[in-house]
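For reference, the structure is listed below as structure tokens.
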Amino acid sequence: MTAIENLAKILPVTLLGIYLHAVFLSISMGTPIVLVSLIYLWNKTKNELYFRAIRTITAILAVNFAAGAATGTLVEFGLVQAWPGMIFVLSTVGFVPFTLELIAFVAEIVLLLLFIITLGRLRPMISLALMAIYFIFAAFSGVVITSVNSWMNVPWGTADLVRTFYPFTPTFGPLQVSSDSFMNLRLIFLSSYLSYGSASQAIQDLAVSQQIGRFLLDPYVAIFNDYNLASVLHNVTAAVIVGMSIILAGYAYSFVKNNRTESLKIIRAFLPILAALLILQPVVFGDFMGKMVAAYQPTKFAAIEGLYESRRDPLLGFLAYNDPNALLIGFNDLAKNCEELRGVKLKERVPVIASKYIDPSVYELDLGELCWRDLLRAHSEASILNTLYYVKIGSGAAALIGGLGLLLSLYNLGPLSRLLRRILGFLGERRVVALFATLILLGGILASSIGWFVREVGRKPWTIYGYLRQEEIVTPVPIDTTVITLFTTIFLAIGFISAYIMYVIATRPQKFSELFRRLTGNE
Amino acid sequence: MNNMELLGFSVLGLSVLVHIVFVNITIGTGWISAVSRYLAWRRNDANLELMSRRVFKILVITELFSGVWGTIMTVILAGLFPTFLAIATDVLFYPILIALTSIIIRIPSIVIFWYSWGRISPRAHSSLGFVMAASGLGVPIGFRYLFAEITSPHAILLALKGYRDEARIQVFFNPTYPSLILHTILGALIVGSLVTASYFAIKNNTNVGFSRYGLWVGAILLPLQTIVGTWYLLSLGTESPILFRNLMGISGSTFNAAPLFTAKILIVALIAVFIYGGLKTAKGGGTAMPRYVAHLGTLGVVMLIISEFINDGARYPYFVLVGESGLRPAEFMNIYMDIPLPIVYLVLGSLMLLTGVFIAMFYYALNRKLLADIPA
């Protein structure tokens, strides 16, 4: 079976796993902010309502954390098992981020357990501190994992090496990898793929590893990637927004369905923070992210903006390059770069080495042809990326409108609140809350999930931008459809059952028999 | 071994030991909790339900922590031994898949079992208990193929000869595996039973009836384990001569693990004596277990650590044993970069510190009853 066949089977289930993990991860990132706000108010007001909400949300966080850990384990194993070429990334640029992430993961578990068993037994401000530290580690986890993903989007430290194959790419920072090793791996994978239809098995051979040799010169390169800071701010904020939106939607539902005004009190506790994040995300972090994409990912930028032909657009030019007159490079000009390489053989650009792991015919490859073919593959995703990108922008705007609308409805913010009430007064409070909460929830989830899709699909056909392609990373093991069905079923079951149990925890009290209660001393 | 090899070998070994200790506790207590939950429902016995819930508290606290050490092992393998991991994910693709499936069922089922208690019907809850317990066994059932392969390579040798497709199936026929997995499962159940027995023999937590359940399970399984352990040892004699000689400390050994092996046997004997003493007290109608029963859990863990250490560490200086020789860690080590040692030490130090905090929390949560039977 060729890697291409595996790719078609594995990619959808990998996506499902990552998305499911992202949902749980988002709740784990958003709930600490909600809990910190509630604990603060509980400490300030001594109102039991807040304590009850804290207990319920903590139980939800625990179930969610477990589901997140399970799906995270699967995604991590999936990385090395379904995409074994990723082992190379983990053992090089991913080494420092992934080992640091271990500290964060263990700390999260210890702090969450500590928070759960001491809640109500220690002073509220200590519980608040525990939850705040838990959030710091959760965010740190997000930071380091994002750094590896960022490196795959922008292979920082490879300087001009990628330009050997794809001259339209920019310089990816100062050279922090060995150029010989970089080329050896590229050629071994290319050769293996052309000979056997799969490439990732190459790194199982010690002799191949020795041929690749010392690749990475700076182990911290993934963290200090120019593209990383924007990615971290954008991704972590998105996760927090989604998590908070889900909690908000739960309490809004409770208010709309049962007219429980207490639910509005809970929402008020954290709504200002959510609204602030909804403003910051597109205006500051999204803008920063967009500038980074424009600077470092020419094919993705052309695709999401639908730049089939280069053109000038004052607004876009300003947003992307701070220059209204900037020429926005389209696929036509990227293709011209490939055309300039037409007829140039690989051996003219790369030193030829005699190796049994590199088929000599690889050196005869036409670089222009290789560049052109991969550019066409990137181009083939352009229309869907362009459409989805603008749906994402619209969704983010909807979430922002929902956040501001709810803030104006639930707080008295002077003339703006009065104006909103006058316009929407005919709907009644419950409908207004339902409307804005729905906008926040759907807008937030859509913007985040589409955003991630655009981020991942946008760097295709490469898994490591401009370097290794998906089909070179995927497992050579023939994957039966039964395995895919099994994993899809398990993923969906975990998703549905966990969501159901979270719902049960939120809505149903715990009941034990009288005898059982007596035995435990809880009569 | 050079310094980097020794560091990699030791760090991997350490993570395996910590992981194995907590995992065995969770697998064993998981079964005891699930069975007692089921019996409580069938017999309408609130006492048994209470025992199930209290035993489950041990599990609910330890599970995620034990699991994270599995993740740590994977990261160590990927970071320090990428060539080995690349081989394992190919040749052992299906066994890892079994373990993986079990893990993703296991973690949510534990938390759901805890939080759905009293919120769903006892029948549904009991069924969930068995899903939780069975998924725990699936993890070693999958991963022990990997240990069998590094002790006596069967499929890996086929793969190295180029029979990759056959190797992925032949991995299930490793001759060392049957005795190893039975030894592992019985070990986990025994450790669970000993931890249960000692948990209910501790001063703040005394319950002779509950402790006796643990002792009985141990009393039944320990003789069985002796037979299976002997079977495993004999299979090592034929399939993995170096490990066998190292355990016996006889001529031709590369590492003398005989003193540790002897210590393990003595500890097993001591456990048997303590179980007997505890059961005698319970039969005589005593209101408290003898003090030494409270130490059974610790003894069980020490037995476990020694067992795993001699099973894995006694292969020194080899990583994979192949008949009368072996492959050293250097054959699989990361040569793609210089390992940043400050990061390795920082992570190790932090993990040890957090493990200490966790153990203290574990103690307080259970013995000082910080984790209530029923939330107030």
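By convention in this document, the chains of the structure tokens carry letters A, B, ... by their order, each chain's residues are numbered from 1, and ligands are numbered from 1 in the order they are shown.
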
Could you list, as a CSV table (one decimal) with C-alpha atoms, in the first residue's frame, every residue within 9 Å of Ile343 (chain B), counting only C-alpha atoms and ignoring same-chain residues fewer than 6 positions away?
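After the write, result-v1.csv holds the following:
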chain,number,residue,atom,x,y,z
A,96,VAL,CA,12.8,21.1,24.0
A,99,THR,CA,10.1,18.0,27.3
A,100,LEU,CA,9.1,21.3,28.8

Which polymer residues have any atom within 10 Å of an atom of His154 (chain B), counting only C-alpha atoms, with same-chain residues fewer than 2 positions away left out, as a PyMOL selection string? chain B and resi 148-152+156-159+167+170-176+239+322

Region 18-30 of chain B environment, 9 Å, only C-alpha atoms, sequence neighbours closer than 2 positions dropped, as an MDAnalysis selection string: chainID B and resid 13:16 32:35 55:56 58:60 62:63 65:70 72:73 110 129:130 132:137 184:193 195:196 301:302 304:305 308

For Ala86 (chain B), find every residue with an atom within 12 Å (counting only C-alpha atoms), except residues of its own chain fewer than 2 positions away, and show them as a PyMOL selection string. (chain A and resi 77+79-88+90-91+200-206+209+473-477) or (chain B and resi 74+77-84+88-93+156+332-334)

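Atom pair CA of Leu6 (chain B) / CA of Ile335 (chain B): separated by 15.2 Å.
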
Within 8 Å of region 15-27 of chain A using only C-alpha atoms, minus same-chain residues under 4 positions, as a ChimeraX atom specification: /A:11,31,61,64-65,67-68,71-72,74-75,238-244,246,449,488,491,495

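The nearest approach to chain B among the residues A:Asp359, A:Asp323, A:Asp218, A:Asp333, with only C-alpha atoms taken into account, belongs to A:Asp218.
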
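With only C-alpha atoms as the atoms that count, the residue of A:Ala269, A:Ile60, A:Ile117, A:Leu102 with the shortest distance to Tyr364 (chain B) is A:Ile117.
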
What lies within 8 Å of region 483-485 of chain A using only C-alpha atoms, ignoring chain neighbours under 4 positions off, as a PyMOL selection string? chain A and resi 9-10+13+479+489

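Summary of the local environment: counting only C-alpha atoms, residues at most 6 Å from Ala3 (chain A), other than itself and those fewer than 4 positions away along its chain, are Leu7, Gly197, Ser198, Glu471 and Pro476 of chain A.
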
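Proximity of B:Phe143, B:Trp117, B:Phe319, B:Phe210 to chain A, computed with only C-alpha atoms, is greatest for B:Trp117.
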
Where does DSSP see helix (DSSP H, G or I) in region 300-432 of chain A, if you list the residues as a CSV table (one decimal) with N, CA and C atoms, in the first residue's frame?
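In the end it all went to part09.csv:
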chain,number,residue,atom,x,y,z
A,300,LYS,N,0.1,30.3,1.4
A,300,LYS,CA,-1.1,30.3,2.3
A,300,LYS,C,-1.8,31.7,2.2
A,301,PHE,N,-0.9,32.7,2.1
A,301,PHE,CA,-1.5,34.1,2.1
A,301,PHE,C,-2.2,34.3,0.7
A,302,ALA,N,-1.6,33.8,-0.3
A,302,ALA,CA,-2.3,33.9,-1.6
A,302,ALA,C,-3.6,33.1,-1.6
A,303,ALA,N,-3.6,32.0,-1.0
A,303,ALA,CA,-4.8,31.2,-1.0
A,303,ALA,C,-5.9,31.8,-0.2
A,304,ILE,N,-5.6,32.2,1.1
A,304,ILE,CA,-6.7,32.7,1.9
A,304,ILE,C,-7.3,34.1,1.4
A,314,PRO,N,-5.5,48.6,-1.2
A,314,PRO,CA,-5.0,49.5,-0.1
A,314,PRO,C,-5.3,48.9,1.3
A,315,LEU,N,-6.5,48.4,1.5
A,315,LEU,CA,-6.8,47.9,2.8
A,315,LEU,C,-6.0,46.7,3.2
A,316,LEU,N,-6.0,45.8,2.2
A,316,LEU,CA,-5.2,44.5,2.5
A,316,LEU,C,-3.7,44.8,2.6
A,317,GLY,N,-3.3,45.7,1.7
A,317,GLY,CA,-1.8,46.0,1.8
A,317,GLY,C,-1.5,46.6,3.1
A,318,PHE,N,-2.4,47.5,3.6
A,318,PHE,CA,-2.1,48.1,4.9
A,318,PHE,C,-2.2,47.1,6.0
A,319,LEU,N,-3.2,46.2,6.0
A,319,LEU,CA,-3.3,45.2,7.0
A,319,LEU,C,-2.2,44.2,7.0
A,320,ALA,N,-1.7,43.8,5.8
A,320,ALA,CA,-0.7,42.8,5.7
A,320,ALA,C,0.7,43.3,5.9
A,321,TYR,N,1.0,44.5,5.3
A,321,TYR,CA,2.3,45.0,5.3
A,321,TYR,C,2.5,46.4,5.8
A,331,PHE,N,-0.7,33.8,-7.1
A,331,PHE,CA,-0.2,32.5,-7.5
A,331,PHE,C,0.6,32.7,-8.9
A,332,ASN,N,0.1,33.7,-9.7
A,332,ASN,CA,0.8,33.8,-11.0
A,332,ASN,C,2.3,34.2,-10.8
A,333,ASP,N,2.6,35.1,-9.9
A,333,ASP,CA,3.9,35.4,-9.6
A,333,ASP,C,4.7,34.3,-8.9
A,334,LEU,N,4.0,33.6,-8.1
A,334,LEU,CA,4.7,32.5,-7.4
A,334,LEU,C,5.1,31.4,-8.4
A,335,ALA,N,4.2,31.2,-9.4
A,335,ALA,CA,4.5,30.3,-10.5
A,335,ALA,C,5.7,30.7,-11.3
A,336,LYS,N,5.8,32.1,-11.5
A,336,LYS,CA,6.9,32.6,-12.3
A,336,LYS,C,8.2,32.2,-11.7
A,337,ASN,N,8.2,32.2,-10.3
A,337,ASN,CA,9.4,31.8,-9.6
A,337,ASN,C,9.8,30.4,-9.9
A,338,CYS,N,8.8,29.5,-10.0
A,338,CYS,CA,9.0,28.1,-10.3
A,338,CYS,C,9.5,28.0,-11.7
A,339,GLU,N,8.9,28.8,-12.6
A,339,GLU,CA,9.3,28.7,-14.0
A,339,GLU,C,10.8,29.0,-14.2
A,346,LEU,N,18.4,19.0,-10.0
A,346,LEU,CA,18.8,19.0,-8.6
A,346,LEU,C,20.3,19.0,-8.4
A,347,LYS,N,21.0,18.2,-9.2
A,347,LYS,CA,22.4,18.0,-9.0
A,347,LYS,C,23.2,19.4,-9.3
A,348,GLU,N,22.5,20.3,-9.9
A,348,GLU,CA,23.2,21.6,-10.2
A,348,GLU,C,23.1,22.5,-8.9
A,349,ARG,N,22.2,22.2,-8.0
A,349,ARG,CA,22.0,23.0,-6.8
A,349,ARG,C,22.5,22.4,-5.5
A,360,PRO,N,20.3,7.6,-7.5
A,360,PRO,CA,20.9,8.7,-8.3
A,360,PRO,C,20.0,9.4,-9.2
A,361,SER,N,18.8,8.8,-9.6
A,361,SER,CA,17.9,9.4,-10.4
A,361,SER,C,17.3,10.7,-9.8
A,362,VAL,N,17.3,10.7,-8.5
A,362,VAL,CA,16.8,11.9,-7.7
A,362,VAL,C,17.5,13.2,-8.2
A,363,TYR,N,18.8,13.0,-8.4
A,363,TYR,CA,19.6,14.2,-8.7
A,363,TYR,C,19.2,14.7,-10.1
A,364,GLU,N,18.6,13.9,-10.9
A,364,GLU,CA,18.2,14.3,-12.3
A,364,GLU,C,16.8,15.0,-12.3
A,367,LEU,N,14.0,20.8,-11.0
A,367,LEU,CA,13.5,21.5,-9.8
A,367,LEU,C,12.3,22.4,-10.1
A,368,GLY,N,12.3,22.9,-11.3
A,368,GLY,CA,11.2,23.7,-11.7
A,368,GLY,C,9.9,22.9,-11.7
A,369,GLU,N,10.0,21.7,-12.2
A,369,GLU,CA,8.8,20.8,-12.3
A,369,GLU,C,8.3,20.5,-10.9
A,370,LEU,N,9.3,20.2,-10.0
A,370,LEU,CA,9.0,19.8,-8.6
A,370,LEU,C,8.3,21.0,-7.9
A,371,CYS,N,8.8,22.2,-8.1
A,371,CYS,CA,8.3,23.4,-7.5
A,371,CYS,C,6.8,23.6,-8.1
A,372,TRP,N,6.7,23.5,-9.4
A,372,TRP,CA,5.4,23.8,-10.1
A,372,TRP,C,4.3,22.8,-9.6
A,373,ARG,N,4.7,21.5,-9.5
A,373,ARG,CA,3.7,20.5,-9.1
A,373,ARG,C,3.2,20.8,-7.7
A,374,ASP,N,4.1,21.1,-6.7
A,374,ASP,CA,3.7,21.4,-5.4
A,374,ASP,C,2.9,22.7,-5.3
A,375,LEU,N,3.3,23.7,-6.1
A,375,LEU,CA,2.6,24.9,-6.1
A,375,LEU,C,1.1,24.7,-6.6
A,376,LEU,N,1.0,23.8,-7.6
A,376,LEU,CA,-0.3,23.5,-8.1
A,376,LEU,C,-1.2,22.9,-7.0
A,377,ARG,N,-0.6,22.0,-6.2
A,377,ARG,CA,-1.3,21.4,-5.1
A,377,ARG,C,-1.7,22.4,-4.1
A,378,ALA,N,-0.9,23.4,-3.8
A,378,ALA,CA,-1.3,24.5,-2.9
A,378,ALA,C,-2.4,25.3,-3.5
A,379,HIS,N,-2.3,25.5,-4.8
A,379,HIS,CA,-3.3,26.3,-5.5
A,379,HIS,C,-4.6,25.6,-5.5
A,380,SER,N,-4.6,24.3,-5.5
A,380,SER,CA,-5.9,23.6,-5.6
A,380,SER,C,-6.8,23.8,-4.3
A,382,ALA,N,-6.9,26.7,-2.8
A,382,ALA,CA,-7.1,28.1,-2.6
A,382,ALA,C,-8.6,28.5,-2.5
A,383,SER,N,-9.4,28.0,-3.3
A,383,SER,CA,-10.8,28.5,-3.3
A,383,SER,C,-11.5,28.2,-2.0
A,384,ILE,N,-11.3,26.9,-1.5
A,384,ILE,CA,-11.9,26.6,-0.2
A,384,ILE,C,-11.3,27.4,0.9
A,385,LEU,N,-10.0,27.6,0.9
A,385,LEU,CA,-9.4,28.4,2.0
A,385,LEU,C,-9.8,29.8,2.0
A,386,ASN,N,-10.0,30.4,0.8
A,386,ASN,CA,-10.4,31.7,0.6
A,386,ASN,C,-11.9,31.9,1.2
A,387,THR,N,-12.7,31.0,0.8
A,387,THR,CA,-14.1,31.0,1.3
A,387,THR,C,-14.2,30.9,2.8
A,388,LEU,N,-13.5,29.8,3.3
A,388,LEU,CA,-13.5,29.5,4.8
A,388,LEU,C,-12.9,30.7,5.6
A,389,TYR,N,-11.8,31.2,5.0
A,389,TYR,CA,-11.1,32.3,5.8
A,389,TYR,C,-12.1,33.5,6.0
A,390,TYR,N,-12.9,33.8,5.0
A,390,TYR,CA,-13.8,34.9,5.2
A,390,TYR,C,-15.0,34.5,6.1
A,391,VAL,N,-15.4,33.2,6.0
A,391,VAL,CA,-16.4,32.7,7.0
A,391,VAL,C,-15.9,32.9,8.4
A,392,LYS,N,-14.6,32.5,8.5
A,392,LYS,CA,-14.0,32.7,9.9
A,392,LYS,C,-14.0,34.1,10.4
A,393,ILE,N,-13.6,35.0,9.5
A,393,ILE,CA,-13.6,36.4,9.9
A,393,ILE,C,-15.1,36.9,10.3
A,394,GLY,N,-16.0,36.4,9.5
A,394,GLY,CA,-17.4,36.7,9.8
A,394,GLY,C,-17.9,36.2,11.1
A,395,SER,N,-17.4,34.9,11.4
A,395,SER,CA,-17.8,34.3,12.6
A,395,SER,C,-17.2,35.0,13.8
A,396,GLY,N,-15.9,35.4,13.7
A,396,GLY,CA,-15.3,36.2,14.7
A,396,GLY,C,-16.0,37.5,15.0
A,397,ALA,N,-16.5,38.1,13.9
A,397,ALA,CA,-17.2,39.4,14.1
A,397,ALA,C,-18.5,39.1,14.8
A,398,ALA,N,-19.2,38.0,14.4
A,398,ALA,CA,-20.4,37.7,15.1
A,398,ALA,C,-20.2,37.4,16.6
A,399,ALA,N,-19.1,36.7,16.9
A,399,ALA,CA,-18.8,36.5,18.3
A,399,ALA,C,-18.6,37.8,19.1
A,400,LEU,N,-17.9,38.7,18.4
A,400,LEU,CA,-17.6,40.0,19.0
A,400,LEU,C,-18.9,40.8,19.2
A,401,ILE,N,-19.7,40.8,18.2
A,401,ILE,CA,-21.0,41.5,18.4
A,401,ILE,C,-21.8,40.9,19.5
A,402,GLY,N,-21.8,39.5,19.6
A,402,GLY,CA,-22.5,38.8,20.7
A,402,GLY,C,-22.0,39.2,22.0
A,403,GLY,N,-20.6,39.3,22.1
A,403,GLY,CA,-20.0,39.6,23.4
A,403,GLY,C,-20.3,41.0,23.8
A,404,LEU,N,-20.2,42.0,22.9
A,404,LEU,CA,-20.5,43.4,23.2
A,404,LEU,C,-22.0,43.5,23.5
A,405,GLY,N,-22.8,42.9,22.8
A,405,GLY,CA,-24.2,43.0,22.9
A,405,GLY,C,-24.7,42.5,24.3
A,406,LEU,N,-24.1,41.3,24.7
A,406,LEU,CA,-24.5,40.8,26.0
A,406,LEU,C,-23.9,41.6,27.1
A,407,LEU,N,-22.8,42.2,26.9
A,407,LEU,CA,-22.2,43.1,27.9
A,407,LEU,C,-23.1,44.3,28.1
A,408,LEU,N,-23.5,44.9,27.0
A,408,LEU,CA,-24.4,46.0,27.1
A,408,LEU,C,-25.7,45.7,27.7
A,409,SER,N,-26.2,44.5,27.5
A,409,SER,CA,-27.5,44.0,28.0
A,409,SER,C,-27.5,43.8,29.5
A,410,LEU,N,-26.4,43.1,29.9
A,410,LEU,CA,-26.4,42.7,31.3
A,410,LEU,C,-25.7,43.7,32.3
A,415,PRO,N,-25.4,55.3,27.8
A,415,PRO,CA,-26.3,55.5,26.6
A,415,PRO,C,-26.2,54.3,25.7
A,416,LEU,N,-25.1,53.6,25.6
A,416,LEU,CA,-25.0,52.4,24.7
A,416,LEU,C,-26.0,51.3,25.2
A,417,SER,N,-26.0,51.1,26.5
A,417,SER,CA,-26.9,50.1,27.0
A,417,SER,C,-28.4,50.5,26.8
A,418,ARG,N,-28.6,51.7,27.0
A,418,ARG,CA,-30.0,52.2,26.8
A,418,ARG,C,-30.4,52.1,25.4
A,419,LEU,N,-29.5,52.4,24.5
A,419,LEU,CA,-29.8,52.3,23.0
A,419,LEU,C,-30.1,50.9,22.6
A,420,LEU,N,-29.3,50.0,23.1
A,420,LEU,CA,-29.5,48.6,22.8
A,420,LEU,C,-30.8,48.1,23.3
A,421,ARG,N,-31.2,48.5,24.5
A,421,ARG,CA,-32.4,48.0,25.1
A,421,ARG,C,-33.6,48.6,24.3
A,422,ARG,N,-33.4,49.8,23.8
A,422,ARG,CA,-34.5,50.4,23.0
A,422,ARG,C,-34.7,49.7,21.7
A,423,ILE,N,-33.6,49.3,21.1
A,423,ILE,CA,-33.7,48.6,19.8
A,423,ILE,C,-34.2,47.2,20.0
A,424,LEU,N,-33.7,46.5,21.0
A,424,LEU,CA,-34.0,45.0,21.2
A,424,LEU,C,-35.0,44.8,22.3
A,425,GLY,N,-35.5,45.8,22.8
A,425,GLY,CA,-36.5,45.7,24.0
A,425,GLY,C,-37.7,44.8,23.7
A,426,PHE,N,-38.1,44.8,22.4
A,426,PHE,CA,-39.3,44.1,22.1
A,426,PHE,C,-39.1,42.6,22.2
A,427,LEU,N,-37.9,42.1,22.2
A,427,LEU,CA,-37.6,40.7,22.3
A,427,LEU,C,-37.7,40.1,23.7
A,429,GLU,N,-35.9,40.0,27.7
A,429,GLU,CA,-34.5,39.7,28.2
A,429,GLU,C,-34.0,38.3,27.8
A,430,ARG,N,-35.0,37.3,27.9
A,430,ARG,CA,-34.5,35.9,27.7
A,430,ARG,C,-34.1,35.8,26.2
A,431,ARG,N,-34.9,36.4,25.3
A,431,ARG,CA,-34.5,36.2,23.9
A,431,ARG,C,-33.2,36.9,23.6
A,432,VAL,N,-33.1,38.1,24.2
A,432,VAL,CA,-31.8,38.8,24.0
A,432,VAL,C,-30.6,38.0,24.4

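Distance check against chain B using only C-alpha atoms: of A:Leu248, A:Ile494, A:Leu341, A:Val148, the minimum falls on A:Ile494.
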
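Distances from A:Ile145, A:Ala207, A:Ala447, A:Met125 to chain B were compared using only C-alpha atoms, and the smallest one belongs to A:Ala207.
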
Could you check which of A:Thr2, A:Thr118, A:Thr463, A:Ser498 is closest to Ser195 (chain A), using only C-alpha atoms? A:Thr2

What is the CA of Ser102 (chain B) to CA of Thr73 (chain A) distance in Å? 11.2 Å
